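First comes the structure, then the notes that go with it.
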Amino acid sequence: MVNQNLTATEIGFTHEDFAALLDKYDYHFSPGDVVPGTVFSIEPRGALIDIGAKTAAYIPIQEMSINRVDSPEEVLQSNETREFFILTDENEDGQLTLSIRRIEYMRAWERVRQLQAEDATVRSGVFATNRGGALVRIEGLRGFIPGSHISTRKPKEELVGEDLPLKFLEVDEERNRLVLSHRRALVERKMNRLEVGEVVIGTVRGIKPYGAFIDIGGVSGLLHISEISHEHIDTPHSVFNVNDEVKVMIIDLDAERGRISLSTKQLEPEPGDMIKNRDLVYDKAEEMAAKYREQLLAKQQGATAAATPGEVLADEDIPPATELDEDIPVVAAIETEIPAATEIEEEIPAAIEE
């Protein structure tokens, strides 16, 4: 029979010793750590997780997924082992709060950064609109399409539920911003079938003081006021009306900005014909475009010849290109006229809904 009157000294192991042993083998956890854990118990609005701490950690239902979860069983199963993010320090009961959602967000940002680096086109359905544009989800993150980057004749409100091809404009995890462009995706697709010097037929969809926006097969190109005619024009309204069908030539394809620049000036047989005799300009368009392409080719060949001098320059003789930046004129004269996506910064919602 065991003697129940043994003293602590005779046992050789006190409660303090036991607590010290627990401390010795207890891991130290900090918010931000990612640790393995096993589902210990599923509760109505969360779950208890064994991560090796003295007390089972807790994950609330709202931290179980990047998407909406109505029941913990949709995400976790009893005795399942997986990774968890430590969200907060121990509370007064010594319990840590965990998250799966934060892990999914970290991996989502990593994925969209990779997609942006690859200049990939992604597709997503519009789930809402606001005053500034439309909202979509990319890899679970909430993305924003500025109104200026939506290329469709539909009102914004009618886009909800529509699947759109998109390009990345801004991926900024630190500022929690994910901005995309529908226009760039469409322009890139169209650009694959277009060439500089090509004559196309389009429809005037909008007129601004700085030029006319021309729809060419579903994408918008800009006919800047300086490219309408060799003669001075006070306003594009004096030459075009909305819904006019026009014949224009492509003079620049900017895939990076998703812009197509157009010209009728280069199609004029004589300066001012676009104002005096538009039909003649359209009749001679292909002929004038062919001359333009010949001149363009000659310039390119001349530039290539100039770029291959007979002598080889040492690296130290070649000045860095950035030293000349302040001397390089802005090629796109309309750059400041076109509103940038970031002009509506206050409208851009956070990518992560806290």
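A note on labels: chains of the structure tokens are A, B, ... as shown, every chain counts residues from 1, and ligands are counted from 1 in their shown order.
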
So that I can check the surroundings of segment 98-108 of chain A, please list as a PyMOL selection string every protein, DNA and RNA residue that reaches within 10 Å of it, counting only C-alpha atoms and ignoring chain neighbours fewer than 2 positions away.
chain A and resi 31-35+37+47-49+51+57-67+75+82-89+95-96+110-114+138-141+173+351-352

Could you write those residues out with C-alpha atoms, as a PDB file, in the first residue's frame?
ATOM      1  CA  PRO A  31       2.144  37.565 -33.057  1.00  0.00           C
ATOM      2  CA  GLY A  32       3.075  37.156 -36.710  1.00  0.00           C
ATOM      3  CA  ASP A  33       4.503  33.657 -36.296  1.00  0.00           C
ATOM      4  CA  VAL A  34       3.192  30.870 -38.520  1.00  0.00           C
ATOM      5  CA  VAL A  35       2.981  27.598 -36.588  1.00  0.00           C
ATOM      6  CA  GLY A  37      -1.499  23.183 -35.097  1.00  0.00           C
ATOM      7  CA  ALA A  47     -12.290  26.237 -32.939  1.00  0.00           C
ATOM      8  CA  LEU A  48      -9.704  25.318 -30.317  1.00  0.00           C
ATOM      9  CA  ILE A  49      -6.275  24.500 -31.757  1.00  0.00           C
ATOM     10  CA  ILE A  51      -0.161  24.386 -31.101  1.00  0.00           C
ATOM     11  CA  ALA A  57      -5.316  28.522 -28.902  1.00  0.00           C
ATOM     12  CA  TYR A  58      -8.545  29.844 -30.423  1.00  0.00           C
ATOM     13  CA  ILE A  59      -9.448  30.740 -34.003  1.00  0.00           C
ATOM     14  CA  PRO A  60     -12.700  32.718 -34.490  1.00  0.00           C
ATOM     15  CA  ILE A  61     -14.826  31.940 -37.525  1.00  0.00           C
ATOM     16  CA  GLN A  62     -14.079  35.314 -39.154  1.00  0.00           C
ATOM     17  CA  GLU A  63     -10.362  34.412 -39.237  1.00  0.00           C
ATOM     18  CA  MET A  64     -10.854  31.005 -40.883  1.00  0.00           C
ATOM     19  CA  SER A  65     -10.811  32.108 -44.511  1.00  0.00           C
ATOM     20  CA  ILE A  66     -10.252  34.981 -46.891  1.00  0.00           C
ATOM     21  CA  ASN A  67     -13.803  34.266 -48.065  1.00  0.00           C
ATOM     22  CA  VAL A  75     -12.877  24.999 -43.304  1.00  0.00           C
ATOM     23  CA  ARG A  82      -2.349  22.652 -40.726  1.00  0.00           C
ATOM     24  CA  GLU A  83      -0.575  26.015 -40.465  1.00  0.00           C
ATOM     25  CA  PHE A  84      -1.942  28.895 -38.420  1.00  0.00           C
ATOM     26  CA  PHE A  85      -0.948  32.546 -38.089  1.00  0.00           C
ATOM     27  CA  ILE A  86      -0.637  33.895 -34.535  1.00  0.00           C
ATOM     28  CA  LEU A  87      -2.833  36.968 -34.560  1.00  0.00           C
ATOM     29  CA  THR A  88      -2.626  38.231 -30.981  1.00  0.00           C
ATOM     30  CA  ASP A  89      -0.650  37.673 -27.791  1.00  0.00           C
ATOM     31  CA  GLN A  95      -4.925  31.886 -24.736  1.00  0.00           C
ATOM     32  CA  LEU A  96      -3.564  32.916 -28.156  1.00  0.00           C
ATOM     33  CA  GLU A 110       2.623  37.068 -53.252  1.00  0.00           C
ATOM     34  CA  ARG A 111       0.606  35.604 -56.120  1.00  0.00           C
ATOM     35  CA  VAL A 112      -0.645  38.943 -57.482  1.00  0.00           C
ATOM     36  CA  ARG A 113       2.879  40.382 -57.315  1.00  0.00           C
ATOM     37  CA  GLN A 114       4.021  37.430 -59.403  1.00  0.00           C
ATOM     38  CA  ILE A 138      -8.310  38.653 -57.552  1.00  0.00           C
ATOM     39  CA  GLU A 139      -6.909  35.688 -55.598  1.00  0.00           C
ATOM     40  CA  GLY A 140      -9.372  36.620 -52.847  1.00  0.00           C
ATOM     41  CA  LEU A 141      -8.168  40.236 -52.648  1.00  0.00           C
ATOM     42  CA  GLU A 173       0.480  45.454 -50.097  1.00  0.00           C
ATOM     43  CA  ALA A 351      -7.746  45.340 -51.041  1.00  0.00           C
ATOM     44  CA  ILE A 352      -8.209  43.709 -47.651  1.00  0.00           C
TER      45      ILE A 352
END

Contact check, segment 82-190 of chain A to segment 248-261 of chain A, at most 6 Å, counting only C-alpha atoms, closest pairs as a Markdown table:
| residue | atom | partner | partner_atom | distance |
| --- | --- | --- | --- | --- |
| A:Arg184 | CA | A:Gly258 | CA | 4.2 |
| A:Val187 | CA | A:Gly258 | CA | 5.6 |
| A:Glu188 | CA | A:Ala255 | CA | 5.8 |

Mind checking DSSP for segment 79-159 of chain A and telling me the strand (DSSP E) residues as a ChimeraX atom specification?
/A:81-88,97-99,122-129,133-138,141-146

With N, CA, C and O atoms retained, export the selected residues as a short mmCIF file (atom, residue, chain, number, x, y, z; two decimals), in the first residue's frame.
data_model
loop_
_atom_site.label_atom_id
_atom_site.label_comp_id
_atom_site.auth_asym_id
_atom_site.auth_seq_id
_atom_site.Cartn_x
_atom_site.Cartn_y
_atom_site.Cartn_z
N THR A 81 -4.47 18.75 -39.06
CA THR A 81 -3.26 19.52 -38.76
C THR A 81 -2.93 20.41 -39.95
O THR A 81 -2.91 19.95 -41.09
N ARG A 82 -2.68 21.70 -39.66
CA ARG A 82 -2.35 22.65 -40.73
C ARG A 82 -1.63 23.85 -40.12
O ARG A 82 -1.41 23.91 -38.91
N GLU A 83 -1.28 24.83 -40.95
CA GLU A 83 -0.57 26.02 -40.47
C GLU A 83 -1.57 27.09 -39.99
O GLU A 83 -2.65 27.23 -40.57
N PHE A 84 -1.14 27.80 -38.95
CA PHE A 84 -1.94 28.89 -38.42
C PHE A 84 -1.04 30.12 -38.19
O PHE A 84 0.14 29.97 -37.88
N PHE A 85 -1.63 31.28 -38.34
CA PHE A 85 -0.95 32.55 -38.09
C PHE A 85 -1.33 33.03 -36.69
O PHE A 85 -2.51 33.05 -36.34
N ILE A 86 -0.34 33.39 -35.88
CA ILE A 86 -0.64 33.90 -34.54
C ILE A 86 -1.02 35.36 -34.66
O ILE A 86 -0.21 36.22 -35.02
N LEU A 87 -2.27 35.64 -34.34
CA LEU A 87 -2.83 36.97 -34.56
C LEU A 87 -2.60 37.90 -33.38
O LEU A 87 -2.25 39.07 -33.55
N THR A 88 -2.80 37.39 -32.17
CA THR A 88 -2.63 38.23 -30.98
C THR A 88 -1.86 37.48 -29.90
O THR A 88 -1.77 36.24 -29.92
N THR A 97 -4.80 33.93 -30.00
CA THR A 97 -5.79 33.96 -31.08
C THR A 97 -5.08 33.70 -32.40
O THR A 97 -4.02 34.29 -32.68
N LEU A 98 -5.65 32.82 -33.20
CA LEU A 98 -5.03 32.39 -34.46
C LEU A 98 -5.83 32.87 -35.67
O LEU A 98 -6.96 33.32 -35.57
N SER A 99 -5.20 32.73 -36.85
CA SER A 99 -5.85 33.12 -38.11
C SER A 99 -5.34 32.25 -39.25
O SER A 99 -4.15 31.95 -39.32
N VAL A 122 -5.62 38.70 -66.23
CA VAL A 122 -6.47 37.86 -65.38
C VAL A 122 -7.93 38.19 -65.68
O VAL A 122 -8.24 39.23 -66.27
N ARG A 123 -8.81 37.30 -65.30
CA ARG A 123 -10.24 37.53 -65.48
C ARG A 123 -10.94 37.49 -64.13
O ARG A 123 -10.59 36.68 -63.26
N SER A 124 -11.92 38.35 -63.96
CA SER A 124 -12.67 38.36 -62.71
C SER A 124 -14.02 39.01 -62.94
O SER A 124 -14.18 39.87 -63.81
N GLY A 125 -14.99 38.58 -62.13
CA GLY A 125 -16.34 39.12 -62.23
C GLY A 125 -16.51 40.34 -61.33
O GLY A 125 -15.99 40.38 -60.22
N VAL A 126 -17.21 41.34 -61.82
CA VAL A 126 -17.51 42.54 -61.04
C VAL A 126 -18.56 42.18 -60.00
O VAL A 126 -19.62 41.65 -60.34
N PHE A 127 -18.28 42.47 -58.71
CA PHE A 127 -19.27 42.15 -57.68
C PHE A 127 -19.94 43.40 -57.11
O PHE A 127 -20.95 43.30 -56.42
N ALA A 128 -19.39 44.59 -57.44
CA ALA A 128 -20.01 45.83 -56.98
C ALA A 128 -19.40 46.99 -57.73
O ALA A 128 -18.34 46.87 -58.37
N THR A 129 -20.07 48.15 -57.67
CA THR A 129 -19.54 49.38 -58.25
C THR A 129 -19.66 50.50 -57.22
O THR A 129 -20.45 50.40 -56.28
N GLY A 133 -15.58 53.61 -59.73
CA GLY A 133 -15.31 52.51 -60.65
C GLY A 133 -16.00 51.23 -60.25
O GLY A 133 -17.12 51.25 -59.73
N ALA A 134 -15.32 50.10 -60.47
CA ALA A 134 -15.91 48.78 -60.21
C ALA A 134 -15.00 47.95 -59.31
O ALA A 134 -13.78 48.15 -59.28
N LEU A 135 -15.61 47.01 -58.57
CA LEU A 135 -14.86 46.16 -57.64
C LEU A 135 -14.89 44.71 -58.11
O LEU A 135 -15.92 44.20 -58.54
N VAL A 136 -13.72 44.07 -58.02
CA VAL A 136 -13.57 42.66 -58.40
C VAL A 136 -12.73 41.97 -57.32
O VAL A 136 -12.20 42.62 -56.42
N ARG A 137 -12.63 40.65 -57.42
CA ARG A 137 -11.75 39.90 -56.51
C ARG A 137 -10.70 39.15 -57.32
O ARG A 137 -11.03 38.44 -58.26
N ILE A 138 -9.43 39.33 -56.92
CA ILE A 138 -8.31 38.65 -57.55
C ILE A 138 -7.58 37.87 -56.48
O ILE A 138 -7.08 38.46 -55.52
N LEU A 141 -8.35 38.83 -53.00
CA LEU A 141 -8.17 40.24 -52.65
C LEU A 141 -9.17 41.10 -53.40
O LEU A 141 -9.53 40.79 -54.54
N ARG A 142 -9.58 42.19 -52.78
CA ARG A 142 -10.52 43.09 -53.44
C ARG A 142 -9.76 44.06 -54.33
O ARG A 142 -8.91 44.82 -53.87
N GLY A 143 -10.06 44.02 -55.62
CA GLY A 143 -9.41 44.89 -56.59
C GLY A 143 -10.35 45.97 -57.07
O GLY A 143 -11.57 45.81 -57.04
N PHE A 144 -9.76 47.08 -57.51
CA PHE A 144 -10.54 48.23 -57.96
C PHE A 144 -10.19 48.56 -59.40
O PHE A 144 -9.02 48.61 -59.78
N ILE A 145 -11.22 48.78 -60.23
CA ILE A 145 -11.03 49.22 -61.61
C ILE A 145 -11.53 50.66 -61.70
O ILE A 145 -12.73 50.89 -61.60
N PRO A 146 -10.63 51.65 -61.87
CA PRO A 146 -11.10 53.03 -62.01
C PRO A 146 -12.01 53.18 -63.22
O PRO A 146 -11.85 52.47 -64.23
#

Proximity of segment 226-310 of chain A to segment 197-200 of chain A: per-residue shortest pair, 12 Å limit, only C-alpha atoms, as a Markdown table:
| residue | atom | partner | partner_atom | distance |
| --- | --- | --- | --- | --- |
| A:Glu245 | CA | A:Val200 | CA | 10.6 |
| A:Val246 | CA | A:Val200 | CA | 8.5 |
| A:Lys247 | CA | A:Val200 | CA | 5.8 |
| A:Val248 | CA | A:Val200 | CA | 5.6 |
| A:Met249 | CA | A:Val199 | CA | 4.3 |
| A:Ile250 | CA | A:Gly197 | CA | 5.4 |
| A:Ile251 | CA | A:Gly197 | CA | 5.9 |
| A:Asp252 | CA | A:Gly197 | CA | 8.4 |
| A:Leu253 | CA | A:Gly197 | CA | 10.3 |
| A:Ile260 | CA | A:Val200 | CA | 11.8 |
| A:Ser261 | CA | A:Gly197 | CA | 10.8 |
| A:Leu262 | CA | A:Val199 | CA | 9.4 |
| A:Ser263 | CA | A:Val199 | CA | 9.4 |
| A:Thr264 | CA | A:Val199 | CA | 9.6 |
| A:Gln266 | CA | A:Gly197 | CA | 9.5 |
| A:Leu267 | CA | A:Val199 | CA | 9.2 |
| A:Val281 | CA | A:Val199 | CA | 11.7 |
| A:Tyr282 | CA | A:Val199 | CA | 9.8 |
| A:Asp283 | CA | A:Val199 | CA | 11.6 |
| A:Lys284 | CA | A:Val199 | CA | 10.8 |
| A:Ala285 | CA | A:Val199 | CA | 7.2 |
| A:Glu286 | CA | A:Val199 | CA | 6.7 |
| A:Glu287 | CA | A:Val199 | CA | 10.1 |
| A:Met288 | CA | A:Gly197 | CA | 9.6 |
| A:Ala289 | CA | A:Gly197 | CA | 6.0 |
| A:Ala290 | CA | A:Gly197 | CA | 7.6 |
| A:Lys291 | CA | A:Gly197 | CA | 9.3 |
| A:Tyr292 | CA | A:Gly197 | CA | 6.7 |
| A:Arg293 | CA | A:Gly197 | CA | 5.6 |
| A:Glu294 | CA | A:Gly197 | CA | 9.4 |
| A:Gln295 | CA | A:Gly197 | CA | 10.3 |
| A:Leu296 | CA | A:Gly197 | CA | 8.5 |
| A:Leu297 | CA | A:Gly197 | CA | 10.4 |

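Of the listed residues A:Thr235, A:Ser229, A:Gln301, A:Asn243, the one whose atoms come nearest to Pro271 of chain A is A:Ser229, with distances taken using only C-alpha atoms.
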
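Here atom CA of Ser151 of chain A stands at a distance of 9.5 Å from atom CA of Ala185 of chain A.
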
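These are the residues of segment 112-215 of chain A assigned helix (DSSP H, G or I) by DSSP from backbone coordinates: Val112, Arg113, Gln114, Leu115, Gln116, Ala117, Gly147, Ser148, His149, Lys156, Glu157, Glu158, Leu159, His182, Arg183, Arg184, Ala185, Leu186, Val187, Glu188, Arg189, Lys190 and Met191 of chain A.
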
Just to be explicit: take each residue in the selection above, keep N, CA, C and O atoms, and write the result as a compact mmCIF listing (two decimals), in the first residue's frame.
# COMPACT_ATOMS: atom_id res chain seq x y z
N VAL A 112 -0.34 37.83 -56.58
CA VAL A 112 -0.64 38.94 -57.48
C VAL A 112 0.62 39.72 -57.86
O VAL A 112 0.72 40.24 -58.97
N ARG A 113 1.60 39.76 -56.95
CA ARG A 113 2.88 40.38 -57.31
C ARG A 113 3.54 39.60 -58.44
O ARG A 113 4.12 40.17 -59.37
N GLN A 114 3.45 38.27 -58.36
CA GLN A 114 4.02 37.43 -59.40
C GLN A 114 3.28 37.66 -60.73
O GLN A 114 3.91 37.78 -61.78
N LEU A 115 1.96 37.73 -60.67
CA LEU A 115 1.17 37.96 -61.88
C LEU A 115 1.49 39.32 -62.49
O LEU A 115 1.58 39.46 -63.72
N GLN A 116 1.68 40.33 -61.64
CA GLN A 116 2.04 41.65 -62.16
C GLN A 116 3.42 41.62 -62.82
O GLN A 116 3.61 42.20 -63.90
N ALA A 117 4.36 40.92 -62.19
CA ALA A 117 5.71 40.82 -62.76
C ALA A 117 5.68 40.14 -64.12
O ALA A 117 6.47 40.46 -65.01
N GLY A 147 -12.96 54.09 -63.12
CA GLY A 147 -13.88 54.29 -64.22
C GLY A 147 -13.19 54.61 -65.53
O GLY A 147 -13.64 54.20 -66.60
N SER A 148 -12.05 55.33 -65.45
CA SER A 148 -11.31 55.67 -66.67
C SER A 148 -10.64 54.47 -67.31
O SER A 148 -10.15 54.55 -68.43
N HIS A 149 -10.61 53.35 -66.60
CA HIS A 149 -10.00 52.13 -67.13
C HIS A 149 -11.02 51.03 -67.42
O HIS A 149 -10.67 49.87 -67.55
N LYS A 156 -21.81 51.72 -65.54
CA LYS A 156 -21.08 50.95 -64.53
C LYS A 156 -21.98 49.99 -63.76
O LYS A 156 -21.60 48.86 -63.47
N GLU A 157 -23.17 50.46 -63.43
CA GLU A 157 -24.07 49.67 -62.58
C GLU A 157 -24.46 48.35 -63.26
O GLU A 157 -24.78 47.37 -62.58
N GLU A 158 -24.44 48.30 -64.59
CA GLU A 158 -24.83 47.09 -65.30
C GLU A 158 -23.68 46.10 -65.46
O GLU A 158 -23.85 45.02 -66.02
N LEU A 159 -22.51 46.44 -64.93
CA LEU A 159 -21.35 45.55 -65.02
C LEU A 159 -21.34 44.47 -63.95
O LEU A 159 -20.59 43.50 -64.05
N HIS A 182 -9.26 47.36 -67.12
CA HIS A 182 -9.95 46.62 -68.18
C HIS A 182 -9.49 47.14 -69.53
O HIS A 182 -9.27 46.37 -70.47
N ARG A 183 -9.30 48.45 -69.62
CA ARG A 183 -8.88 49.07 -70.87
C ARG A 183 -7.55 48.51 -71.37
O ARG A 183 -7.40 48.17 -72.55
N ARG A 184 -6.58 48.40 -70.46
CA ARG A 184 -5.26 47.89 -70.87
C ARG A 184 -5.34 46.48 -71.42
O ARG A 184 -4.67 46.14 -72.38
N ALA A 185 -6.17 45.65 -70.79
CA ALA A 185 -6.31 44.27 -71.26
C ALA A 185 -6.89 44.23 -72.67
O ALA A 185 -6.43 43.46 -73.52
N LEU A 186 -7.91 45.06 -72.91
CA LEU A 186 -8.53 45.08 -74.24
C LEU A 186 -7.58 45.66 -75.28
O LEU A 186 -7.49 45.14 -76.40
N VAL A 187 -6.89 46.73 -74.89
CA VAL A 187 -5.97 47.36 -75.83
C VAL A 187 -4.84 46.41 -76.20
O VAL A 187 -4.46 46.31 -77.36
N GLU A 188 -4.31 45.69 -75.21
CA GLU A 188 -3.24 44.75 -75.50
C GLU A 188 -3.70 43.67 -76.46
O GLU A 188 -3.00 43.31 -77.41
N ARG A 189 -4.91 43.15 -76.22
CA ARG A 189 -5.45 42.13 -77.11
C ARG A 189 -5.61 42.69 -78.52
O ARG A 189 -5.28 42.04 -79.51
N LYS A 190 -6.13 43.92 -78.60
CA LYS A 190 -6.31 44.55 -79.90
C LYS A 190 -4.97 44.88 -80.54
O LYS A 190 -4.80 44.74 -81.77
N MET A 191 -4.01 45.28 -79.72
CA MET A 191 -2.70 45.66 -80.25
C MET A 191 -2.01 44.50 -80.95
O MET A 191 -1.19 44.71 -81.85

If you count only C-alpha atoms, which residues fall within 12 Å of Val239 of chain A, apart from same-chain ones fewer than 3 positions away, as a ChimeraX atom specification?
/A:204,207,209,211-212,223,225,228-229,231-236,242,244,246,264,272-278

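Computed from the coordinates, the atom CA of Arg205 of chain A to atom CA of Leu169 of chain A distance equals 24.4 Å.
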